[in-house]
Amino acid sequence: MSIVVTGATGHLGRHVVEQLLQKVPAEQITAVVRDEGKAADFAARGVRLAVADYNAPETFDGLFAAGDKVLLISGNEFAKGRVAQHRVVIEAAKAAGVALLAYTSAPGTLTAALADDHHGTEEALLASGLPYTLLRNGWYHENYTENLAPVLAHDTVVAAAGEGRISTASRADYAAAAVAVLTGEGHENQTYELGGDVAWSFAEYAAELSRQTGREITYSPVTVDALTGILAGAGVPEALAGVLAGVDASIEKGELVVSSGDLSRLTGRPTTPLAEAVTAALKG
């Protein structure tokens, strides 16, 4: 039996593998990667590597074994048909008879276009008949704290979210939830709505940045169209810019407030405060 992690060298996947190494022997972990070189550090610690690509279905032939627990981390190639990519993994897992397939999805309340691929993947997973766990991850702190350069350059947080609130947590928090599912029992056919313990507004985020930098950083709310233009002007492909700005519209409607408490229950600890992520980003 192996615990198999797809996208293992991505931002979330690395956290998952690192945390698995603290819980199970390395030889029980398989990291699925596209570039073996990027996972050399895992291989050196005894993790099994499997080279496969969502866009090449044949690379998943024989990759899974009966009894494996698989974490399907959603792909980030928005223009390449993510549902079809994910279906490659689901079909290979079904053919092998895996014990569980966990998928990193999006909150069930999210209606933004970004959620469409997640809904499609969930439907494919449920239709497969595989034992599943839906890890409906909310937004990450790092979506904001890793993009502080323009904020600090202009002393302004720009968003199209109005006074909406959002329940973010750290990548490490979401990884811990996945690890709890992959190493625990009783998670078959469960859906977890995951988000931070405390929801915040962009005005509060600006205030936290002001507190930690000693500068006056303000929140500048804009329209969805204006934000789309700003993102496109910064080099984000126009279609993706529209999708990302659409998430802000969902935030304004309260669709990314997650009040289930599932994340802290799964991990057995409170979620990482936003202020802690801001501190780490400013130090970095």
# chains A, B, ... in the order shown; residues from 1 in each chain; ligands from 1

$ residues_around --residues "A:Ser220" --least-positions-apart "6" --cutoff "7 Å" --atoms "only C-alpha atoms" --output "PyMOL selection string"
chain A and resi 156-159

$ residues_around --residues "stretch 248-257 of chain A" --least-positions-apart "3" --cutoff "8 Å" --atoms "only C-alpha atoms" --output "PyMOL selection string"
chain A and resi 107+109-112+138-139+159-167+195+199+224+244-245

$ select_by_dssp --residues "stretch 118-184 of chain A" --states "alpha helix (DSSP H)" --output "PyMOL selection string"
chain A and resi 118-128+142-145+149-154+171-183

$ residues_around --residues "A:Leu72" --least-positions-apart "5" --cutoff "8 Å" --atoms "only C-alpha atoms" --output "PyMOL selection string"
chain A and resi 5-7+86+89+101-104

$ atom_distance --atom1 "atom CA of A:Leu135" --atom2 "atom CA of A:Tyr192"
5.3 Å

$ residues_around --residues "stretch 34-41 of chain A" --least-positions-apart "4" --cutoff "9 Å" --atoms "only C-alpha atoms" --output "compact mmCIF listing (two decimals) with N, CA, C and O atoms, in the first residue's frame"
# COMPACT_ATOMS: atom_id res chain seq x y z
N GLY A 7 1.04 16.01 -8.45
CA GLY A 7 1.47 17.40 -8.32
C GLY A 7 2.37 17.61 -7.13
O GLY A 7 2.33 18.65 -6.45
N ALA A 8 3.24 16.63 -6.86
CA ALA A 8 3.97 16.60 -5.59
C ALA A 8 5.03 17.68 -5.46
O ALA A 8 5.51 17.93 -4.35
N THR A 9 5.45 18.30 -6.57
CA THR A 9 6.45 19.36 -6.44
C THR A 9 5.81 20.75 -6.54
O THR A 9 6.53 21.75 -6.56
N ARG A 45 15.45 11.12 0.15
CA ARG A 45 14.94 10.73 1.47
C ARG A 45 14.13 9.44 1.43
O ARG A 45 13.53 9.05 2.43
N VAL A 47 11.58 8.63 -0.81
CA VAL A 47 10.25 8.69 -1.44
C VAL A 47 10.33 8.11 -2.85
O VAL A 47 11.27 8.40 -3.60
N LEU A 49 9.45 7.97 -6.65
CA LEU A 49 9.01 8.94 -7.65
C LEU A 49 8.34 8.22 -8.82
O LEU A 49 8.79 7.15 -9.24
N ALA A 50 7.28 8.82 -9.33
CA ALA A 50 6.62 8.33 -10.54
C ALA A 50 6.45 9.52 -11.48
O ALA A 50 5.90 10.54 -11.08
N VAL A 51 6.96 9.39 -12.68
CA VAL A 51 6.88 10.49 -13.65
C VAL A 51 5.63 10.30 -14.49
O VAL A 51 5.46 9.28 -15.16
N ALA A 52 4.73 11.29 -14.41
CA ALA A 52 3.48 11.21 -15.17
C ALA A 52 2.97 12.62 -15.42
O ALA A 52 3.33 13.56 -14.72
N ASP A 53 2.13 12.74 -16.45
CA ASP A 53 1.63 14.03 -16.88
C ASP A 53 0.14 13.91 -17.15
O ASP A 53 -0.28 13.00 -17.88
N TYR A 54 -0.65 14.80 -16.56
CA TYR A 54 -2.10 14.80 -16.78
C TYR A 54 -2.44 14.81 -18.28
O TYR A 54 -3.49 14.33 -18.69

$ select_by_dssp --residues "stretch 1-149 of chain A" --states "strand (DSSP E)" --output "list in words"
Ile3, Val4, Val5, Ile29, Thr30, Ala31, Val32, Val33, Arg48, Leu49, Ala50, Val51, Lys69, Val70, Leu71, Leu72, Leu100, Leu101, Ala102, Tyr103, Thr104, Ser105, Tyr132, Thr133, Leu134, Leu135, Arg136 and Asn137 of chain A

$ write_last_selection --atoms "N, CA, C and O atoms" --output "short mmCIF file (atom, residue, chain, number, x, y, z; two decimals), in the first residue's frame"
data_model
loop_
_atom_site.label_atom_id
_atom_site.label_comp_id
_atom_site.auth_asym_id
_atom_site.auth_seq_id
_atom_site.Cartn_x
_atom_site.Cartn_y
_atom_site.Cartn_z
N ILE A 3 0.82 5.69 -0.35
CA ILE A 3 0.09 6.96 -0.39
C ILE A 3 0.67 7.73 -1.57
O ILE A 3 1.88 8.01 -1.59
N VAL A 4 -0.17 8.03 -2.54
CA VAL A 4 0.28 8.63 -3.80
C VAL A 4 -0.19 10.08 -3.86
O VAL A 4 -1.37 10.36 -3.68
N VAL A 5 0.74 10.98 -4.13
CA VAL A 5 0.43 12.41 -4.19
C VAL A 5 0.74 12.91 -5.59
O VAL A 5 1.90 12.87 -6.03
N ILE A 29 5.42 6.33 0.47
CA ILE A 29 4.96 7.54 -0.23
C ILE A 29 5.42 7.50 -1.68
O ILE A 29 6.59 7.23 -1.96
N THR A 30 4.50 7.77 -2.60
CA THR A 30 4.84 7.92 -4.01
C THR A 30 4.52 9.34 -4.43
O THR A 30 3.38 9.80 -4.28
N ALA A 31 5.51 10.04 -4.93
CA ALA A 31 5.33 11.41 -5.41
C ALA A 31 5.23 11.39 -6.93
O ALA A 31 6.17 10.96 -7.61
N VAL A 32 4.09 11.83 -7.46
CA VAL A 32 3.89 11.88 -8.90
C VAL A 32 4.33 13.26 -9.39
O VAL A 32 3.83 14.28 -8.91
N VAL A 33 5.27 13.25 -10.32
CA VAL A 33 5.87 14.51 -10.78
C VAL A 33 6.00 14.49 -12.30
O VAL A 33 6.01 13.43 -12.92
N ARG A 48 9.37 7.29 -3.21
CA ARG A 48 9.32 6.74 -4.57
C ARG A 48 8.81 7.82 -5.51
O ARG A 48 7.84 8.52 -5.21
N LEU A 49 9.45 7.97 -6.65
CA LEU A 49 9.01 8.94 -7.65
C LEU A 49 8.34 8.22 -8.82
O LEU A 49 8.79 7.15 -9.24
N ALA A 50 7.28 8.82 -9.33
CA ALA A 50 6.62 8.33 -10.54
C ALA A 50 6.45 9.52 -11.48
O ALA A 50 5.90 10.54 -11.08
N VAL A 51 6.96 9.39 -12.68
CA VAL A 51 6.88 10.49 -13.65
C VAL A 51 5.63 10.30 -14.49
O VAL A 51 5.46 9.28 -15.16
N LYS A 69 -3.89 4.85 -1.41
CA LYS A 69 -4.65 6.07 -1.15
C LYS A 69 -4.02 7.18 -2.00
O LYS A 69 -2.80 7.36 -1.96
N VAL A 70 -4.85 7.86 -2.76
CA VAL A 70 -4.36 8.83 -3.74
C VAL A 70 -4.87 10.22 -3.42
O VAL A 70 -6.07 10.40 -3.14
N LEU A 71 -3.97 11.20 -3.47
CA LEU A 71 -4.38 12.60 -3.38
C LEU A 71 -4.23 13.21 -4.76
O LEU A 71 -3.11 13.33 -5.28
N LEU A 72 -5.35 13.58 -5.36
CA LEU A 72 -5.35 14.26 -6.65
C LEU A 72 -5.39 15.77 -6.38
O LEU A 72 -6.41 16.31 -5.97
N LEU A 100 -8.86 4.79 -1.81
CA LEU A 100 -9.42 6.12 -1.59
C LEU A 100 -8.80 7.09 -2.58
O LEU A 100 -7.59 7.04 -2.83
N LEU A 101 -9.63 7.98 -3.13
CA LEU A 101 -9.10 9.08 -3.93
C LEU A 101 -9.62 10.38 -3.32
O LEU A 101 -10.82 10.63 -3.28
N ALA A 102 -8.69 11.16 -2.81
CA ALA A 102 -9.04 12.47 -2.24
C ALA A 102 -8.71 13.54 -3.27
O ALA A 102 -7.69 13.46 -3.96
N TYR A 103 -9.59 14.53 -3.38
CA TYR A 103 -9.42 15.57 -4.41
C TYR A 103 -9.48 16.95 -3.76
O TYR A 103 -10.37 17.23 -2.95
N THR A 104 -8.53 17.82 -4.13
CA THR A 104 -8.53 19.19 -3.62
C THR A 104 -9.45 20.04 -4.49
O THR A 104 -9.07 20.45 -5.58
N SER A 105 -10.61 20.30 -3.98
CA SER A 105 -11.65 21.01 -4.72
C SER A 105 -11.77 22.45 -4.23
O SER A 105 -10.82 23.02 -3.68
N TYR A 132 -14.18 8.12 -2.09
CA TYR A 132 -13.63 9.46 -2.32
C TYR A 132 -13.64 10.28 -1.04
O TYR A 132 -14.38 9.99 -0.09
N THR A 133 -12.80 11.31 -1.03
CA THR A 133 -12.91 12.39 -0.05
C THR A 133 -12.77 13.69 -0.81
O THR A 133 -11.82 13.87 -1.58
N LEU A 134 -13.72 14.59 -0.63
CA LEU A 134 -13.64 15.91 -1.25
C LEU A 134 -13.09 16.89 -0.23
O LEU A 134 -13.71 17.14 0.81
N LEU A 135 -11.90 17.39 -0.53
CA LEU A 135 -11.26 18.40 0.31
C LEU A 135 -11.53 19.75 -0.35
O LEU A 135 -10.77 20.18 -1.23
N ARG A 136 -12.59 20.38 0.04
CA ARG A 136 -13.00 21.64 -0.61
C ARG A 136 -12.23 22.80 0.02
O ARG A 136 -12.71 23.49 0.92
N ASN A 137 -11.02 22.99 -0.49
CA ASN A 137 -10.12 24.00 0.06
C ASN A 137 -10.60 25.41 -0.24
O ASN A 137 -10.90 25.74 -1.38
#

$ closest_atom_pairs --of "stretch 134-157 of chain A" --to "stretch 274-283 of chain A" --cutoff "9 Å" --atoms "only C-alpha atoms" --output "tab-separated table"
residue	atom	partner	partner_atom	distance
A:His141	CA	A:Leu274	CA	6.4
A:Glu142	CA	A:Ala277	CA	7.4
A:Tyr144	CA	A:Val278	CA	8.9
A:Thr145	CA	A:Ala281	CA	5.8
A:Glu146	CA	A:Ala281	CA	6.5
A:Leu148	CA	A:Ala281	CA	8.0

$ residues_around --residues "A:Lys23" --least-positions-apart "2" --cutoff "12 Å" --atoms "only C-alpha atoms" --output "list in words"
Ile3, Val16, Val17, Glu18, Gln19, Leu20, Leu21, Pro25, Ala26, Glu27, Gln28, Ile29, Ala176, Val179, Ala180, Leu182, Thr183 and Gly184 of chain A

$ write_last_selection --atoms "C-alpha atoms" --output "PDB file, in the first residue's frame"
ATOM      1  CA  ILE A   3       0.092   6.961  -0.395  1.00  0.00           C
ATOM      2  CA  VAL A  16       1.791  17.364   1.777  1.00  0.00           C
ATOM      3  CA  VAL A  17       4.845  15.194   1.095  1.00  0.00           C
ATOM      4  CA  GLU A  18       6.895  16.925   3.805  1.00  0.00           C
ATOM      5  CA  GLN A  19       4.134  16.351   6.355  1.00  0.00           C
ATOM      6  CA  LEU A  20       3.613  12.742   5.248  1.00  0.00           C
ATOM      7  CA  LEU A  21       7.315  12.117   5.867  1.00  0.00           C
ATOM      8  CA  PRO A  25       7.927   5.677   6.335  1.00  0.00           C
ATOM      9  CA  ALA A  26       9.238   7.292   3.146  1.00  0.00           C
ATOM     10  CA  GLU A  27       8.925   4.049   1.186  1.00  0.00           C
ATOM     11  CA  GLN A  28       5.137   4.213   1.651  1.00  0.00           C
ATOM     12  CA  ILE A  29       4.961   7.536  -0.232  1.00  0.00           C
ATOM     13  CA  ALA A 176      -2.289  18.929   7.142  1.00  0.00           C
ATOM     14  CA  VAL A 179      -2.430  14.234   5.426  1.00  0.00           C
ATOM     15  CA  ALA A 180      -5.001  13.543   8.153  1.00  0.00           C
ATOM     16  CA  LEU A 182      -4.543  10.017   3.818  1.00  0.00           C
ATOM     17  CA  THR A 183      -3.155   8.578   7.058  1.00  0.00           C
ATOM     18  CA  GLY A 184      -6.409   8.241   9.010  1.00  0.00           C
TER      19      GLY A 184
END

$ closest_residue --among "A:Val198, A:Ile73, A:Ala124, A:Ile217" --to "A:Ala153" --atoms "only C-alpha atoms"
A:Ile217

$ atom_distance --atom1 "atom CA of A:Gly97" --atom2 "atom CA of A:Asp117"
24.3 Å

$ closest_residue --among "A:Thr191, A:Asn76, A:Asn143, A:Ala113" --to "A:Pro131" --atoms "only C-alpha atoms"
A:Thr191

$ atom_distance --atom1 "atom CA of A:Ala241" --atom2 "atom CA of A:Leu227"
8.0 Å
